[in-house]
$ cat input-v1.txt   # compact mmCIF, C-alpha atoms (C1' of nucleotides)
# COMPACT_ATOMS: atom_id res chain seq x y z
CA MET A 128 76.32 114.75 79.55
CA LYS A 129 80.08 114.62 79.61
CA HIS A 130 82.04 111.92 77.92
CA THR A 131 84.52 111.05 80.63
CA ARG A 132 83.10 107.60 80.75
CA ILE A 133 83.66 107.09 77.08
CA GLN A 134 87.24 108.26 77.31
CA GLN A 135 87.96 106.06 80.27
CA SER A 136 86.69 102.87 78.82
CA ALA A 137 87.88 103.57 75.32
CA GLN A 138 91.55 104.01 76.12
CA GLY A 139 91.97 102.36 79.45
CA GLU A 140 92.54 105.45 81.54
CA ALA A 141 92.51 108.70 79.68
CA GLY A 142 92.38 110.62 82.93
CA ARG A 143 95.60 109.02 84.13
CA GLN A 144 97.99 110.90 86.26
CA LEU A 145 100.60 112.84 84.39
CA MET A 146 103.45 110.66 85.56
CA PHE A 147 101.95 107.56 84.01
CA CYS A 148 101.71 109.39 80.72
CA PHE A 149 105.47 109.86 80.83
CA VAL A 150 105.95 106.20 81.58
CA MET A 151 103.59 105.16 78.82
CA ALA A 152 105.16 107.51 76.29
CA GLY A 153 108.62 106.18 77.13
CA ARG A 154 107.44 102.62 76.75
CA ALA A 155 105.64 103.35 73.51
CA ILE A 156 108.79 104.76 71.99
CA GLU A 157 110.83 101.84 73.32
CA GLN A 158 108.40 99.51 71.63
CA ARG A 159 108.74 101.31 68.33
CA LEU A 160 112.49 101.10 68.58
CA GLU A 161 112.34 97.39 69.34
CA ASP A 162 110.04 96.89 66.36
CA ALA A 163 112.35 98.87 64.09
CA LEU A 164 115.49 97.09 65.30
CA GLY A 165 114.05 93.59 65.31
CA PRO A 166 114.33 93.03 61.53
CA VAL A 167 117.97 94.16 61.66
CA GLY A 168 118.66 91.49 64.28
CA LEU A 169 119.06 93.82 67.23
CA SER A 170 117.21 94.69 70.39
CA LEU A 171 117.32 98.14 71.92
CA ALA A 172 119.68 96.90 74.63
CA LYS A 173 122.03 95.33 72.11
CA PHE A 174 121.93 98.39 69.90
CA GLY A 175 122.71 100.61 72.87
CA ALA A 176 125.72 98.56 73.88
CA LEU A 177 127.08 98.40 70.34
CA THR A 178 126.59 102.13 69.90
CA HIS A 179 128.55 102.94 73.02
CA LEU A 180 131.37 100.69 71.86
CA VAL A 181 131.39 102.12 68.36
CA GLU A 182 131.32 105.68 69.64
CA ALA A 183 134.12 104.99 72.08
CA GLY A 184 136.26 103.87 69.17
CA GLU A 185 138.06 101.35 71.34
CA PRO A 186 137.27 98.33 73.49
CA LEU A 187 135.67 99.17 76.82
CA ASN A 188 135.78 97.45 80.17
CA LEU A 189 132.48 95.90 81.11
CA SER A 190 132.34 98.24 84.09
CA GLU A 191 132.67 101.22 81.79
CA CYS A 192 129.88 99.81 79.65
CA ALA A 193 127.70 99.42 82.72
CA LYS A 194 128.34 103.02 83.65
CA LYS A 195 127.55 104.30 80.17
CA MET A 196 124.40 102.24 80.02
CA ALA A 197 123.39 103.14 83.55
CA CYS A 198 122.83 99.59 84.69
CA VAL A 199 124.41 97.02 86.96
CA ARG A 200 127.34 94.96 85.83
CA SER A 201 125.64 91.61 85.97
CA ASN A 202 123.31 92.91 83.30
CA ILE A 203 126.27 93.72 81.07
CA THR A 204 127.75 90.28 81.63
CA GLN A 205 124.60 88.72 80.23
CA LEU A 206 124.19 91.23 77.45
CA MET A 207 127.77 90.63 76.33
CA ASP A 208 127.16 86.89 76.47
CA ARG A 209 124.35 87.33 73.97
CA LEU A 210 126.25 89.81 71.80
CA GLU A 211 129.21 87.47 71.75
CA ALA A 212 126.95 84.56 70.82
CA ASP A 213 125.68 86.73 67.96
CA GLY A 214 129.26 87.38 66.87
CA LEU A 215 128.86 91.14 67.28
CA VAL A 216 131.31 91.58 70.14
CA ARG A 217 134.47 89.85 71.32
CA ARG A 218 135.73 89.65 74.90
CA GLU A 219 139.40 90.55 75.23
CA GLU A 220 141.72 90.46 78.19
CA ASP A 221 142.86 93.82 79.43
CA PRO A 222 146.67 93.87 79.33
CA ASP A 223 146.76 96.46 82.12
CA ASP A 224 144.44 94.74 84.58
CA ARG A 225 144.05 91.02 84.74
CA ARG A 226 140.66 91.34 86.46
CA ALA A 227 139.19 93.34 83.63
CA ILE A 228 137.54 92.18 80.42
CA ARG A 229 137.24 94.49 77.47
CA ALA A 230 134.43 94.30 74.97
CA ALA A 231 135.49 94.87 71.37
CA VAL A 232 133.04 95.30 68.49
CA THR A 233 133.59 92.91 65.62
CA ALA A 234 133.36 94.00 61.99
CA GLN A 235 129.95 92.40 61.84
CA GLY A 236 128.99 94.20 65.02
CA ALA A 237 129.94 97.53 63.51
CA ARG A 238 127.90 96.82 60.39
CA ARG A 239 124.93 95.75 62.48
CA GLN A 240 125.17 98.88 64.58
CA ALA A 241 125.22 101.06 61.46
CA ALA A 242 122.15 99.27 60.12
CA GLY A 243 120.44 99.75 63.47
CA ALA A 244 121.32 103.43 63.54
CA LYS A 245 119.52 103.89 60.23
CA GLU A 246 116.37 102.35 61.64
CA VAL A 247 116.62 104.39 64.81
CA ALA A 248 116.97 107.56 62.74
CA ARG A 249 113.82 106.59 60.88
CA VAL A 250 111.90 106.27 64.12
CA GLN A 251 113.30 109.59 65.29
CA ARG A 252 111.98 111.24 62.12
CA GLN A 253 108.58 109.70 62.74
CA LEU A 254 108.58 111.10 66.25
CA ILE A 255 109.52 114.56 65.03
CA ASP A 256 106.66 114.23 62.59
CA VAL A 257 104.19 113.38 65.34
CA LEU A 258 105.37 116.29 67.46
CA GLY A 259 104.56 118.64 64.64
CA ASP A 260 105.26 122.25 65.45
CA THR A 261 106.03 121.59 69.11
CA ASP A 262 109.20 123.22 70.40
CA HIS A 263 111.57 120.25 70.48
CA GLU A 264 114.21 122.08 72.46
CA ALA A 265 111.75 122.93 75.18
CA VAL A 266 110.47 119.37 75.31
CA GLN A 267 113.99 118.01 75.52
CA ARG A 268 114.88 120.38 78.33
CA LEU A 269 111.77 119.31 80.19
CA LEU A 270 112.61 115.64 79.77
CA LEU A 271 116.19 116.08 80.85
CA THR A 272 114.99 117.94 83.93
CA ILE A 273 113.06 114.86 84.88
CA VAL A 274 115.93 112.46 84.26
CA MET B 256 130.03 117.12 53.04
CA LYS B 257 127.66 116.05 55.76
CA HIS B 258 127.96 116.67 59.43
CA THR B 259 126.75 113.38 60.78
CA ARG B 260 129.88 113.03 62.83
CA ILE B 261 129.27 116.24 64.68
CA GLN B 262 125.70 115.36 65.40
CA GLN B 263 126.66 111.94 66.63
CA SER B 264 129.56 112.72 68.87
CA ALA B 265 129.59 116.43 69.54
CA GLN B 266 127.62 116.72 72.74
CA GLY B 267 127.96 113.27 74.20
CA GLU B 268 125.04 112.65 76.52
CA ALA B 269 123.46 116.08 76.44
CA GLY B 270 122.83 116.02 72.72
CA ARG B 271 121.02 112.72 72.83
CA GLN B 272 118.30 112.22 70.35
CA LEU B 273 114.93 113.43 71.53
CA MET B 274 113.41 109.99 71.52
CA PHE B 275 115.94 108.66 73.98
CA CYS B 276 115.08 111.51 76.28
CA PHE B 277 111.49 110.29 76.34
CA VAL B 278 112.67 106.78 77.08
CA MET B 279 115.00 107.98 79.83
CA ALA B 280 112.37 110.22 81.39
CA GLY B 281 109.90 107.36 81.43
CA ARG B 282 112.41 105.05 83.03
CA ALA B 283 113.45 107.65 85.58
CA ILE B 284 109.87 108.06 86.71
CA GLU B 285 109.36 104.31 86.77
CA GLN B 286 112.38 104.03 89.00
CA ARG B 287 111.03 106.64 91.38
CA LEU B 288 107.75 104.80 91.55
CA GLU B 289 109.50 101.51 92.26
CA ASP B 290 111.52 103.18 94.98
CA ALA B 291 108.42 104.71 96.53
CA LEU B 292 106.42 101.49 96.33
CA GLY B 293 109.16 99.17 97.54
CA PRO B 294 108.80 100.02 101.25
CA VAL B 295 105.05 99.39 100.99
CA GLY B 296 105.76 95.91 99.66
CA LEU B 297 104.69 96.56 96.09
CA SER B 298 106.29 96.86 92.69
CA LEU B 299 104.89 99.10 89.99
CA ALA B 300 103.51 96.08 88.15
CA LYS B 301 101.80 94.76 91.25
CA PHE B 302 100.43 98.16 92.14
CA GLY B 303 99.09 98.58 88.62
CA ALA B 304 97.29 95.25 88.70
CA LEU B 305 95.81 95.88 92.13
CA THR B 306 94.68 99.35 91.09
CA HIS B 307 92.84 98.06 88.06
CA LEU B 308 91.10 95.46 90.20
CA VAL B 309 90.18 97.95 92.90
CA GLU B 310 88.90 100.46 90.36
CA ALA B 311 86.86 97.83 88.58
CA GLY B 312 85.12 97.10 91.86
CA GLU B 313 84.71 93.46 90.95
CA PRO B 314 86.87 90.47 90.04
CA LEU B 315 88.28 90.58 86.52
CA ASN B 316 89.19 87.86 84.08
CA LEU B 317 92.89 87.59 83.55
CA SER B 318 92.33 88.46 79.91
CA GLU B 319 90.60 91.66 80.93
CA CYS B 320 93.52 92.43 83.20
CA ALA B 321 95.93 91.85 80.36
CA LYS B 322 93.96 94.23 78.19
CA LYS B 323 93.85 96.93 80.86
CA MET B 324 97.54 96.55 81.53
CA ALA B 325 98.39 96.38 77.84
CA CYS B 326 100.45 93.23 78.09
CA VAL B 327 100.25 89.59 77.10
CA ARG B 328 98.33 87.13 79.19
CA SER B 329 101.25 84.98 80.17
CA ASN B 330 102.62 88.01 81.94
CA ILE B 331 99.40 88.32 83.94
CA THR B 332 99.51 84.65 84.83
CA GLN B 333 102.89 85.15 86.47
CA LEU B 334 101.99 88.48 88.05
CA MET B 335 98.89 86.92 89.61
CA ASP B 336 101.00 84.01 90.84
CA ARG B 337 103.14 86.48 92.74
CA LEU B 338 100.21 88.56 93.96
CA GLU B 339 98.47 85.42 95.11
CA ALA B 340 101.63 84.28 96.90
CA ASP B 341 101.65 87.67 98.62
CA GLY B 342 98.03 87.14 99.66
CA LEU B 343 96.89 90.27 97.83
CA VAL B 344 94.74 88.58 95.22
CA ARG B 345 92.69 85.39 95.01
CA ARG B 346 91.93 83.37 91.89
CA GLU B 347 88.25 82.50 91.51
CA GLU B 348 86.44 80.40 88.98
CA ASP B 349 84.16 82.28 86.65
CA PRO B 350 80.65 80.84 86.98
CA ASP B 351 79.78 81.95 83.45
CA ASP B 352 82.77 80.54 81.64
CA ARG B 353 84.64 77.54 82.85
CA ARG B 354 87.74 78.51 80.90
CA ALA B 355 88.08 81.81 82.67
CA ILE B 356 89.74 82.67 85.97
CA ARG B 357 88.82 85.82 87.80
CA ALA B 358 91.22 87.73 89.98
CA ALA B 359 89.70 89.13 93.17
CA VAL B 360 91.50 91.56 95.47
CA THR B 361 91.73 90.43 99.07
CA ALA B 362 91.18 92.79 101.97
CA GLN B 363 94.92 92.92 102.47
CA GLY B 364 95.33 93.62 98.76
CA ALA B 365 92.96 96.56 98.97
CA ARG B 366 94.83 97.98 101.97
CA ARG B 367 98.15 97.52 100.21
CA GLN B 368 96.82 99.24 97.11
CA ALA B 369 95.62 102.19 99.16
CA ALA B 370 99.01 102.49 100.83
CA GLY B 371 100.67 102.32 97.43
CA ALA B 372 98.34 104.98 96.04
CA LYS B 373 99.49 107.35 98.78
CA GLU B 374 103.11 106.86 97.80
CA VAL B 375 102.31 107.25 94.13
CA ALA B 376 100.50 110.50 94.86
CA ARG B 377 103.57 111.72 96.68
CA VAL B 378 105.74 111.02 93.64
CA GLN B 379 103.18 112.72 91.43
CA ARG B 380 103.40 115.85 93.60
CA GLN B 381 107.17 115.77 93.32
CA LEU B 382 106.89 115.58 89.56
CA ILE B 383 104.47 118.51 89.45
CA ASP B 384 106.98 120.35 91.56
CA VAL B 385 109.81 119.65 89.15
CA LEU B 386 107.68 120.73 86.21
CA GLY B 387 107.17 124.11 87.82
CA ASP B 388 105.06 126.44 85.74
CA THR B 389 104.98 124.18 82.70
CA ASP B 390 101.55 123.72 81.17
CA HIS B 391 100.65 120.25 82.44
CA GLU B 392 97.67 119.89 80.17
CA ALA B 393 99.78 120.59 77.12
CA VAL B 394 102.44 118.15 78.23
CA GLN B 395 99.88 115.47 78.87
CA ARG B 396 98.32 115.97 75.47
CA LEU B 397 101.73 115.69 73.88
CA LEU B 398 102.49 112.49 75.75
CA LEU B 399 99.17 110.92 74.88
CA THR B 400 99.75 111.78 71.24
CA ILE B 401 102.88 109.71 71.38
CA VAL B 402 101.25 106.78 73.14
C1' DC C 189 156.37 92.61 102.25
C1' DG C 190 151.84 91.28 103.66
C1' DC C 191 147.12 92.35 104.79
C1' DG C 192 142.90 94.49 104.41
C1' DT C 193 140.00 96.68 101.35
C1' DA C 194 138.39 97.97 96.87
C1' DT C 195 137.51 96.74 92.11
C1' DG C 196 136.07 93.72 88.07
C1' DC C 197 133.58 90.14 86.57
C1' DT C 198 130.61 86.09 87.01
C1' DT C 199 126.89 83.31 89.02
C1' DC C 200 122.52 82.70 91.10
C1' DA C 201 117.85 83.94 92.46
C1' DT C 202 114.21 86.72 91.26
C1' DA C 203 111.00 90.15 88.76
C1' DT C 204 109.10 91.69 84.64
C1' DA C 205 107.95 91.07 79.93
C1' DT C 206 107.26 88.61 75.36
C1' DG C 207 105.80 84.91 72.24
C1' DA C 208 105.05 80.05 70.91
C1' DA C 209 102.87 75.83 72.11
C1' DT C 210 99.35 73.37 74.76
C1' DT C 211 95.00 72.32 77.12
C1' DT C 212 90.41 73.18 78.12
C1' DT C 213 86.14 75.12 77.11
C1' DA C 214 82.84 77.98 74.11
C1' DT C 215 80.71 79.06 70.00
C1' DA C 216 79.48 79.11 65.28
C1' DT C 217 78.29 76.71 61.16
C1' DG C 218 77.42 73.29 57.96
C1' DC D 276 74.68 67.37 66.35
C1' DA D 277 79.44 67.30 65.01
C1' DT D 278 83.17 69.59 63.97
C1' DA D 279 86.00 73.52 63.14
C1' DT D 280 87.51 77.57 65.04
C1' DA D 281 88.13 80.89 68.60
C1' DA D 282 89.18 82.25 73.22
C1' DA D 283 91.10 81.65 78.23
C1' DA D 284 94.65 80.28 80.91
C1' DT D 285 99.01 78.00 81.63
C1' DT D 286 103.74 76.39 80.54
C1' DC D 287 108.14 76.90 78.55
C1' DA D 288 112.02 79.31 76.45
C1' DT D 289 114.08 83.57 76.22
C1' DA D 290 115.39 88.68 76.93
C1' DT D 291 116.14 92.28 79.98
C1' DA D 292 117.03 94.04 84.47
C1' DT D 293 118.29 94.02 89.53
C1' DG D 294 120.89 92.73 93.67
C1' DA D 295 123.48 89.54 96.63
C1' DA D 296 127.25 86.39 96.94
C1' DG D 297 131.58 84.77 95.37
C1' DC D 298 136.28 84.70 93.30
C1' DA D 299 140.35 86.75 91.41
C1' DT D 300 143.24 90.58 91.16
C1' DA D 301 144.90 95.29 92.34
C1' DC D 302 146.39 98.66 95.55
C1' DG D 303 147.31 101.40 99.70
C1' DC D 304 149.50 101.40 104.03
C1' DG D 305 151.66 99.94 108.24

$ encode --input "input-v1.txt" --output "structure tokens"
Amino acid sequence: MKHTRIQQSAQGEAGRQLMFCFVMAGRAIEQRLEDALGPVGLSLAKFGALTHLVEAGEPLNLSECAKKMACVRSNITQLMDRLEADGLVRREEDPDDRRAIRAAVTAQGARRQAAGAKEVARVQRQLIDVLGDTDHEAVQRLLLTIV
Amino acid sequence: MKHTRIQQSAQGEAGRQLMFCFVMAGRAIEQRLEDALGPVGLSLAKFGALTHLVEAGEPLNLSECAKKMACVRSNITQLMDRLEADGLVRREEDPDDRRAIRAAVTAQGARRQAAGAKEVARVQRQLIDVLGDTDHEAVQRLLLTIV
DNA sequence: CGCGTATGCTTCATATATGAATTTTATATG
DNA sequence: CATATAAAATTCATATATGAAGCATACGCG
């Protein structure tokens, strides 16, 4: 007697289609990141925005942020609202374009981002650990093919 | 002297940390599924709920649904509200437990689920295509390890 | 120069998800 | 049996995300 039944009921759907495994893996990692960032006072979305700003080294238009984060602008508007409420980002007028708003990281924002980066690196190490002797390069290529 | 700078900024998007590749791949597939299901009149969340109900072959308590879908119950409450508004699911009282509500798929819900399953299968074939000669079993094992 | 179109941001409605608080009902235990 | 505790569902506040609609500004072209 096979144990497909056991596997199915034990884990939900062990025999799931491959694509759902990708989705579940992505979500599982997201969850770990959220859990790691929570104590620092960041969410994954906030950390992502701060990181783009820090890496840019200068204030960015909200449209540029949206492009970097691959999302619509109304999402950035709200995200910046929350980051500004947290005191991690400041909205500045763009001297070159009166329509545009630039997001500038505050000192506190930069510190928070650095703290978040440490946590993210920790999670990354855990992942590497789980992958064991798997060829990371190959996996990454595969994933980027999908994206 | 460390080379954190190089690692962080050298390759821009391409050199992203492995974990973000998993997250992005998962989201990319999710997006494809949403796009495929949209024309059928379903979202991925709705399709998932309907599929669990259809596969169960009988009405399920909302708590059971939450467990199968790995989410909190308040999420299911809202999802069922929308599915019920769409006429795809019906809430029934549980004769054995007056606290419980059971979700039953309607005939229309079953048809919609079947239509959705066809689209999902199409996306799955596309994914298999993209993966080419990669060892699917190995990939799936890897992904389930992460989950 | 002025007008039409494009761009930048915000606002609103909606979907998905979480978690805390609440209500109702079940169950266990003293 | 009464009461304490647990479990089921909902409600509310909030975060994240999308897309449509709207307003202000920029820009190209006749």

$ interface_residues --input "input-v1.txt" --of "chain D" --to "chain B" --cutoff "9 Å" --atoms "all atoms listed in the file" --output "number ranges by chain"
D: 282-286

$ write_last_selection --input "input-v1.txt" --atoms "C-alpha atoms (C1' of nucleotides)" --output "compact mmCIF listing (two decimals), keeping the file's coordinate frame"
# COMPACT_ATOMS: atom_id res chain seq x y z
C1' DA D 282 89.18 82.25 73.22
C1' DA D 283 91.10 81.65 78.23
C1' DA D 284 94.65 80.28 80.91
C1' DT D 285 99.01 78.00 81.63
C1' DT D 286 103.74 76.39 80.54

$ calpha_fit_rmsd --input "input-v1.txt" --fixed "chain A" --moving "chain B"
3.4 Å

$ atom_distance --input "input-v1.txt" --atom1 "CA of Val274 in chain A" --atom2 "CA of Ala283 in chain B"
5.6 Å

$ closest_atom_pairs --input "input-v1.txt" --of "chain A" --to "chain B" --cutoff "6 Å" --atoms "only C-alpha atoms" --output "tab-separated table"
residue	atom	partner	partner_atom	distance
A:Gly139	CA	B:Lys323	CA	5.9
A:Cys148	CA	B:Leu398	CA	5.9
A:Phe149	CA	B:Gly281	CA	5.1
A:Val150	CA	B:Gly281	CA	4.1
A:Ala152	CA	B:Val402	CA	5.1
A:Gly153	CA	B:Val278	CA	4.1
A:Ala155	CA	B:Val402	CA	5.6
A:Leu270	CA	B:Ala280	CA	5.7
A:Ile273	CA	B:Ala280	CA	5.8
A:Val274	CA	B:Ala280	CA	5.1

$ atom_distance --input "input-v1.txt" --atom1 "C1' of DT206 in chain C" --atom2 "CA of Pro314 in chain B"
25.2 Å

$ atom_distance --input "input-v1.txt" --atom1 "C1' of DA201 in chain C" --atom2 "CA of Asp341 in chain B"
17.7 Å

$ interface_residues --input "input-v1.txt" --of "chain C" --to "chain A" --cutoff "10 Å" --atoms "only C-alpha atoms (C1' of nucleotides)" --output "count of residues only"
5

$ closest_residue --input "input-v1.txt" --among "B:Leu297, B:Ala393, B:Val360, B:Cys320" --to "DA203 in chain C" --atoms "only C-alpha atoms (C1' of nucleotides)"
B:Leu297

$ residues_around --input "input-v1.txt" --residues "DG192 in chain C" --least-positions-apart "5" --cutoff "12 Å" --atoms "only C-alpha atoms (C1' of nucleotides)" --output "ChimeraX atom specification"
/D:302-305

$ closest_residue --input "input-v1.txt" --among "D:DC276, D:DA292, D:DA281, D:DC287" --to "DA214 in chain C" --atoms "only C-alpha atoms (C1' of nucleotides)"
D:DA281

$ axis_aligned_box --input "input-v1.txt" --around "range 259-272 of chain A" --padding-each-side "5 Å" --output "AutoDock Vina command-line options"
--center_x 110.4 --center_y 119.4 --center_z 74.3 --size_x 21.6 --size_y 17.6 --size_z 29.3

$ closest_residue --input "input-v1.txt" --among "B:Ala369, B:Ala321, B:Val327, B:Leu308" --to "Arg345 in chain B" --atoms "only C-alpha atoms"
B:Leu308

$ residues_around --input "input-v1.txt" --residues "Leu206 in chain A" --least-positions-apart "6" --cutoff "9 Å" --atoms "all atoms listed in the file" --output "ChimeraX atom specification"
/A:172-173,176 /D:291

$ residues_around --input "input-v1.txt" --residues "DA277 in chain D" --least-positions-apart "6" --cutoff "12 Å" --atoms "only C-alpha atoms (C1' of nucleotides)" --output "ChimeraX atom specification"
/C:216-218

$ closest_residue --input "input-v1.txt" --among "D:DA279, D:DA290, D:DA301, D:DA295" --to "DT204 in chain C" --atoms "only C-alpha atoms (C1' of nucleotides)"
D:DA290
